[in-house]
Structure formats: structure tokens, C-alpha cells
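A.B. asks: Got a structure for you, written out below as C-alpha cells; questions coming shortly.
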Amino acid sequence: MTKKVYKFDYVLLLVFAVILICTLYPFLNVLAISLNDPVDTLRNINMIVPRQFTLNNYQYVFTDSALVSASIMSVLRTVIGTVASLFCTAMLGYALSRKDYMFHRILTVLFVITMYVSGGMIPEYLLIMRTLKLSNNFLVYILPGLIWVYNVILVRSYIDGLPFALQEAAKLDGANDMQIWYMVILPLCTPVLATVALYYAVGQWNSFMDTYLYAMDLPTLQFKLYEIMNQATMKMDVHGDMTNAATVVTPMSIRMAVTIVATVPIVVVYPFLQKYFISGMTLGSVKD
Amino acid sequence: MTKKAAHQTKKVPFFRRLAEQRWLLLMSMPFVVWLVIFKYVPLWGWTMAFQEVRPATFKIPFLERNFVGFNNFLEAFNDRLFAQTMINTLGISVLDIALGTFAAILFAVLLNEIYFMRFKKITQTISYLPHFVSWVIISSIAKNVLNDRGVIDSLFNTNFKLLSTDSAIAWFVIVFVSIWKECGWNAIIYLSSMAGIDPGLYEAASIDGANRAQRIWHITLPGIRATIIILLIMSIGGALNVGMERQMLMSNNIIENHTMVLSWFAYKRGIGKNNYGVGTAIGMFQSVIGIILLLAANKIASKVGEDRLI
């Protein structure tokens, strides 16, 4: 049955074209400013193609030692944090999926409760800063957010959907529970593990509050961007260059270049995000 | 067979079962330790709401500390910032729920009507890109657009003072930026619920002569009614938890009066002024109201005949 195309369909097309422009314009604007001459930018920031093309802003970002080390910190916490969290989530998810496990019920309840009630900011702050003394320690990026209960439930319900006979067969062959986990379950869980890994990775990369609260001495790219945004005075920075005359950079242009650098990884993994995040949304029902 | 097995496991003594399940214990107990430290110890921290807790009192053993009853709560409620903070929190929350839900539903309904499938797919893909971008980046981008002499000002060649007016305009700005960031993402759930509507209904309606608007009103919207109600109820449960990250990042000295929300207030009093008792009290107030709202909303949901949520 072929549908007729009405005039309304074209109106709709127009409406969504406007929505798309509104979504993309600010991003393109940032990209253009980051590639535009800083002094020219001060004249008028409204552009989607650079008026006076330059790579000086990026050159500054990639040679400024504070920004480079912040980028390294962001990458480190994302990689280490994601691997650690993924490992723990997969392991716990499997243990909780085993209905014959003697603490199956009580542990599930204990974990799920924490999705609804939490101590709040101040008790957590005192725990981390005073009791555990994790201030400005890299572990503060890994430990407090090690496990997201929601992700554990995702893994658990995925394993619930696998035939239990596989595990029984492995058991008959003499495998212990740990061996069943990494030889039978893990290989079958790749789709859900990819979803969970992306959740953790995006969370780690985008995280800002934990640096702000606990680890200002270990700044990440997000935190540096925040700092640049909040510079009290828009002072001009004259960046000496070995060969050329001094090049001028402004906080505005640097901020735009850093914004782009912090956004690019998200855009790069975006096709995967699309594929797995949506499936994560529909997987997330608690079955029991 | 399985019944017999179940019967047998019941008879196995406790310690024998522990030994048999040692691998499962090994695979879960370390995380229970983590859970207790990072999730349950902070809950115990709620006791601080009823004590005077400042850096100087940390050395005093728990029981010998100065218990002050509800004084911390009173101190918070009588704070000169509290009333405005409460108004801001509720204002942003109501706008978030009302405008955010409306925008997501409208977006989903219109997207569902697009005839050109390829265009529909591209639109949807682009629409949820901002969801994955952090609030720091979003605020950096949004400030370009909204600041004085920013993109909007220069497009219209005037000064709207969007981020430099000390009034409730700040709420709208924050909520509109949130909608810009999350609308496409929030529409996904409505779209997937629309996918479950029987296409036969639309065909029958067309044969009966229903036009497009009538089909949307009488088939699409009733089809996603349950989803809308459930999501609304869940958002009511989180009405006081509007977060502080986006407010803090979008704010500046001029509009701070109208971007101050409860979590941020707790931060300022608790961590900023080292008055941990009051900070905890504000956080606890927020949590308790949240739980009450959630339970009430859940009750209403079961009254109107929808599935209970918890």
C-alpha cells in the first residue's frame, strides 16, 4: 500500500530542518570560533565558518602543559575507570543472576535500595575527604563510582535471558563458578557489556563534580574548561612563538578549542553509543 | 527432578553450602564491602543532621557530641537564602517537568509523522547528540549563544540580557538549555511506545475518514498515555532533585540569586561554611520529601489504574 505525500509532509520537513539547525548551529559556531583568529572573534562571535582561519588556538591547547596533562588525566580516568567498573559489574551481575546462590535475594535487595536512597552530598564528602582521605588521590575517580547498580541489573537480566542449561553443562564438565563466568557467560554477554562499558566511559569522560569536590589538584579536561569559563578577567595572553612574531590568544578562543577537544571523543564513539545505548534503555527492566 | 533437587538443597547445612558456593561468595562479597562503605556509611551520616558537626568537633566521639535535635533544620529554614532557594528549586522543577515533557511528546509525535524514513532517522540521530555531551561543554556552548553580545543578540542586533537579568528568566534559560540537550533523548521512550501501537488502528481510522490531527489525538496520544503517566509520576518523585551541576555551570554573579537550588545550598552551607550538620540537614530534607512524593505519586498511579511503580 503506497501512501500519498501531502503538503503537510513538507511542512513537517521544514519544521524538522529548523530543529536540526537549532541543534547543530551552536556546535558549528564553537567549531568556527575555535578555528578563527582570536582578535577577529572579539568583533562578533556569530559565525559558522571561520572568517580568518588559524590553527593557533589548537596549537596553544596542545602545547600548554596544564591542558595536555588535563587531557591525559581525562583519558586515564576513562580507561582505568571503565575497565575496573566493567570487570566488577560483570562479576557481581553474574553472582546476582544465580538464583541458587544462598544470598541471591538479600544482596539484590541491598544493592537496589541504594538506587532510591542515598546519604547525600555532605556525608559522602566527609567519608571521602576525612575518613578515607582520598582527597587529590586518583582513586577518588575510580572507587566511589565503581559500580552503578543500574548497570548490574542490566547485566543480571541479560544473563537471566541466557539458557541455564549452558551453565549446567559446564558444571558437569567440572567447571567451578568462576570458570563458568569467564568461559561461558562472559563471551555470551558481549552486547550488554558493550552497553555497560559505554555508560561508564561516557560517565567518566563527562564527569566534573568529583574533580570540583575532591580533586582540584588532579584536573581533568572538563574541569579545565570550567576554570577557563570562570576566569574573572578576560585577560589577553601573549603566547611567545619561537619563529614567528608573538601570537595572541584569548580565553574565549581557547575555551572554544578546549570545548571541541572535549567533545570530539564523544562524537567519535557516537555510532557505537547509538547502537548500544538504546538497547540498554529497553534491557533495563528488573525481572525476578 | 528439579523439585527433588530444590528439596535437597534445603537440607544441606549452612556451612556446607557456604563451602560449596565459595566461588560465588568470592565474586560478590568484595562488592558488598564496597557497597557498605560507599553507600550505607553515608546513610549513617544522616545522624549528623541532628548534631553540631564542624571541623572542630570531629575528634569528639559520636555519643559525646552535642545533639541539637532539629536545630540544624531550623537554622537552614531560617537562612536568608532558604525561601528563594526553595522557590527556585520548585520553579525550575515545575518548568522542567511541564515544558520538558511537553517538548519531548511533541517532538516524538511529529517525528512519528515524518514520511521520509531516511530523513526521520538522520533527524533522530542528530537530536540526541547533545545528550552525551557533558554539562560543562553544554554550558560553554550555551553561553556563546545566550551571553550578552552572543549569537542570539547578534542575530537580532539587540541585547536580550538572557544571562544577565536577575529574575525568573534564569529558570527559563536553564530549562530551555536542558530541553535543547535532552529533548531528543527523552523522545526515544515515547517513540518506542508508539511503535507498539497496532497499525491497523490507523488504517481503520483513515477508512473512517479521520484526518491526521484526529489520528494523532485519538490513536497516537491514547496509545502512549500509560508511558506519559508513568514518566510524569517518576519525575514528580524527583521534583526536589533538580541537580546542581547545570545551575552552577550556567550561573554567574548576576543571576546567582535565581539559580540557587537546594543541593547547591547544601553545598554552600555544608562544605563552603564547614557547617556539616546544617548541610546534611538540607540534604536529608530533600531526600525525605523526595521519598514522600514518590510514595504519594505511586499511590496515585495505582488509584488511576496504572501499574504501580514500586
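Labels for the C-alpha cells follow display order: chains A, B, ..., residues from 1 in each chain, ligands from 1.
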Excluding A:Lys171 and residues on its chain fewer than 5 positions from it, collect all residues at most 8 Å away from it, counting only C-alpha atoms, and give them as a list in words.

C.D. replies: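 Listing them by chain and then by number gives Asn176, Asp177 and Ile180 of chain A.
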
A.B. asks: For the residues in that selection, give me C-alpha atoms as a JSON list (two decimals), in the first residue's frame.

C.D. replies:
```json
[["chain", "number", "residue", "atom", "x", "y", "z"],
["A", 176, "ASN", "CA", 33.67, -24.07, 39.02],
["A", 177, "ASP", "CA", 31.53, -20.92, 39.18],
["A", 180, "ILE", "CA", 31.67, -20.75, 34.19]]
```

A.B. asks: Using only C-alpha atoms, which residues sit within 10 Å of A:Pro191 once same-chain residues fewer than 2 positions away are excluded, as a CSV table (one decimal) with N, CA and C atoms, in the first residue's frame?

C.D. replies:
```csv
chain,number,residue,atom,x,y,z
A,155,VAL,N,23.2,-6.2,33.4
A,155,VAL,CA,24.0,-7.5,33.2
A,155,VAL,C,23.2,-8.7,33.7
A,158,TYR,N,20.3,-9.6,31.6
A,158,TYR,CA,20.8,-10.2,30.3
A,158,TYR,C,21.2,-11.7,30.5
A,187,PRO,N,31.7,-14.5,27.3
A,187,PRO,CA,31.7,-14.4,25.8
A,187,PRO,C,30.3,-14.2,25.3
A,188,LEU,N,29.3,-14.7,26.0
A,188,LEU,CA,27.9,-14.5,25.5
A,188,LEU,C,27.3,-13.2,25.8
A,189,CYS,N,28.0,-12.5,26.7
A,189,CYS,CA,27.5,-11.2,27.2
A,189,CYS,C,28.0,-10.0,26.5
A,193,LEU,N,27.8,-6.1,27.7
A,193,LEU,CA,29.0,-5.5,28.3
A,193,LEU,C,29.4,-4.3,27.5
A,194,ALA,N,29.2,-4.3,26.2
A,194,ALA,CA,29.5,-3.1,25.4
A,194,ALA,C,28.6,-1.9,25.8
A,195,THR,N,27.4,-2.2,26.1
A,195,THR,CA,26.5,-1.1,26.5
A,195,THR,C,27.0,-0.6,27.8
A,196,VAL,N,27.2,-1.5,28.8
A,196,VAL,CA,27.6,-1.0,30.1
A,196,VAL,C,29.0,-0.3,30.0
A,197,ALA,N,29.9,-0.8,29.2
A,197,ALA,CA,31.2,-0.1,29.1
A,197,ALA,C,31.0,1.3,28.6
A,275,LYS,N,24.1,2.7,18.9
A,275,LYS,CA,23.7,1.3,18.7
A,275,LYS,C,23.4,0.7,20.1
A,276,TYR,N,24.3,0.9,21.1
A,276,TYR,CA,24.2,0.2,22.3
A,276,TYR,C,23.4,0.9,23.4
A,279,SER,N,19.7,0.1,23.1
A,279,SER,CA,19.3,-1.3,23.6
A,279,SER,C,19.4,-1.3,25.1
A,280,GLY,N,20.3,-0.6,25.7
A,280,GLY,CA,20.4,-0.5,27.2
A,280,GLY,C,19.1,0.0,27.8
```

A.B. asks: Please tabulate, as CSV, the residues of chain B that come within 6 Å of chain A, each with its closest pair of atoms and the distance in Å to one decimal, counting only C-alpha atoms and ordering rows by chain, then residue number upward.

C.D. replies:
```
residue,atom,partner,partner_atom,distance
B:Trp23,CA,A:Asp177,CA,5.7
B:Leu24,CA,A:Ala95,CA,5.7
B:Ser28,CA,A:Leu92,CA,5.4
B:Pro42,CA,A:Gly119,CA,4.6
B:Leu43,CA,A:Gly119,CA,4.1
B:Gly45,CA,A:Pro123,CA,5.1
B:Ser134,CA,A:Asn206,CA,4.8
B:Ile137,CA,A:Thr259,CA,5.9
B:Val151,CA,A:Asn46,CA,5.0
B:Thr280,CA,A:Ile122,CA,5.6
B:Gly283,CA,A:Gly120,CA,5.8
```

A.B. asks: Just write the chosen residues, C-alpha atoms, as a PDB file, in the first residue's frame.

C.D. replies:
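Result file follows (out_25.pdb):
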```pdb
ATOM      1  CA  TRP B  23      33.299 -19.003  44.282  1.00  0.00           C
ATOM      2  CA  LEU B  24      30.039 -17.091  44.224  1.00  0.00           C
ATOM      3  CA  SER B  28      30.129 -10.927  45.325  1.00  0.00           C
ATOM      4  CA  PRO B  42      26.870   7.872  54.114  1.00  0.00           C
ATOM      5  CA  LEU B  43      23.332   6.892  55.130  1.00  0.00           C
ATOM      6  CA  GLY B  45      25.876  10.096  58.140  1.00  0.00           C
ATOM      7  CA  SER B 134      28.763  16.916  29.457  1.00  0.00           C
ATOM      8  CA  ILE B 137      30.618  21.582  27.465  1.00  0.00           C
ATOM      9  CA  VAL B 151      24.861  34.599  18.914  1.00  0.00           C
ATOM     10  CA  THR B 280      23.354  17.259  55.969  1.00  0.00           C
ATOM     11  CA  GLY B 283      20.210  17.066  52.029  1.00  0.00           C
TER      12      GLY B 283
END
```

A.B. asks: So what do you get for atom CA of B:Thr165 versus atom CA of B:Phe102, distance-wise?

C.D. replies: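 Between these atoms lies a distance of 26.0 Å.
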
A.B. asks: Quick one: residues within 9 Å of A:Gly81, only C-alpha atoms counted, chain neighbours fewer than 2 positions away excluded, as an mmCIF file with N, CA and C atoms, in the first residue's frame?

C.D. replies:
```
data_model
loop_
_atom_site.group_PDB
_atom_site.id
_atom_site.type_symbol
_atom_site.label_atom_id
_atom_site.label_comp_id
_atom_site.auth_asym_id
_atom_site.auth_seq_id
_atom_site.Cartn_x
_atom_site.Cartn_y
_atom_site.Cartn_z
ATOM 1 N N LEU A 76 43.112 8.827 31.194
ATOM 2 C CA LEU A 76 43.462 7.822 32.199
ATOM 3 C C LEU A 76 42.245 7.393 33.005
ATOM 4 N N ARG A 77 41.497 8.382 33.502
ATOM 5 C CA ARG A 77 40.371 8.007 34.356
ATOM 6 C C ARG A 77 39.306 7.276 33.553
ATOM 7 N N THR A 78 39.163 7.659 32.270
ATOM 8 C CA THR A 78 38.162 6.983 31.451
ATOM 9 C C THR A 78 38.561 5.535 31.204
ATOM 10 N N VAL A 79 39.822 5.314 30.841
ATOM 11 C CA VAL A 79 40.252 3.945 30.522
ATOM 12 C C VAL A 79 40.260 3.084 31.780
ATOM 13 N N VAL A 83 37.487 0.078 32.687
ATOM 14 C CA VAL A 83 37.903 -1.321 32.798
ATOM 15 C C VAL A 83 37.562 -1.868 34.184
ATOM 16 N N ALA A 84 37.911 -1.102 35.232
ATOM 17 C CA ALA A 84 37.645 -1.561 36.596
ATOM 18 C C ALA A 84 36.154 -1.758 36.824
ATOM 19 N N SER A 85 35.360 -0.766 36.412
ATOM 20 C CA SER A 85 33.922 -0.841 36.650
ATOM 21 C C SER A 85 33.294 -1.990 35.860
ATOM 22 N N LEU A 86 33.747 -2.161 34.640
ATOM 23 C CA LEU A 86 33.181 -3.210 33.798
ATOM 24 C C LEU A 86 33.445 -4.580 34.413
ATOM 25 N N TYR A 141 38.596 8.978 41.595
ATOM 26 C CA TYR A 141 37.908 8.896 40.303
ATOM 27 C C TYR A 141 37.391 7.484 40.026
ATOM 28 N N ILE A 142 37.924 6.505 40.734
ATOM 29 C CA ILE A 142 37.582 5.113 40.431
ATOM 30 C C ILE A 142 36.628 4.536 41.474
ATOM 31 N N LEU A 143 36.999 4.662 42.751
ATOM 32 C CA LEU A 143 36.298 3.908 43.792
ATOM 33 C C LEU A 143 34.849 4.345 44.061
ATOM 34 N N GLY A 145 32.509 5.683 42.405
ATOM 35 C CA GLY A 145 31.541 5.356 41.361
ATOM 36 C C GLY A 145 31.815 4.015 40.715
ATOM 37 N N LEU A 146 32.507 3.132 41.438
ATOM 38 C CA LEU A 146 32.947 1.861 40.848
ATOM 39 C C LEU A 146 31.787 1.075 40.235
ATOM 40 N N TYR A 200 29.733 3.606 31.380
ATOM 41 C CA TYR A 200 30.799 4.000 32.297
ATOM 42 C C TYR A 200 31.760 4.988 31.635
ATOM 43 N N ALA A 201 32.118 4.697 30.378
ATOM 44 C CA ALA A 201 33.115 5.537 29.717
ATOM 45 C C ALA A 201 32.597 6.963 29.542
ATOM 46 N N GLN A 204 32.558 8.681 32.897
ATOM 47 C CA GLN A 204 33.895 9.073 33.341
ATOM 48 C C GLN A 204 34.395 10.290 32.569
#
```

A.B. asks: I need the residue nearest B:Leu63 from this list: B:Ser206, B:Asn252, B:Asn159, B:Gln51. Use only C-alpha atoms for the distance.

C.D. replies: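 Comparing B:Ser206, B:Asn252, B:Asn159, B:Gln51 against B:Leu63, the winner is B:Gln51.
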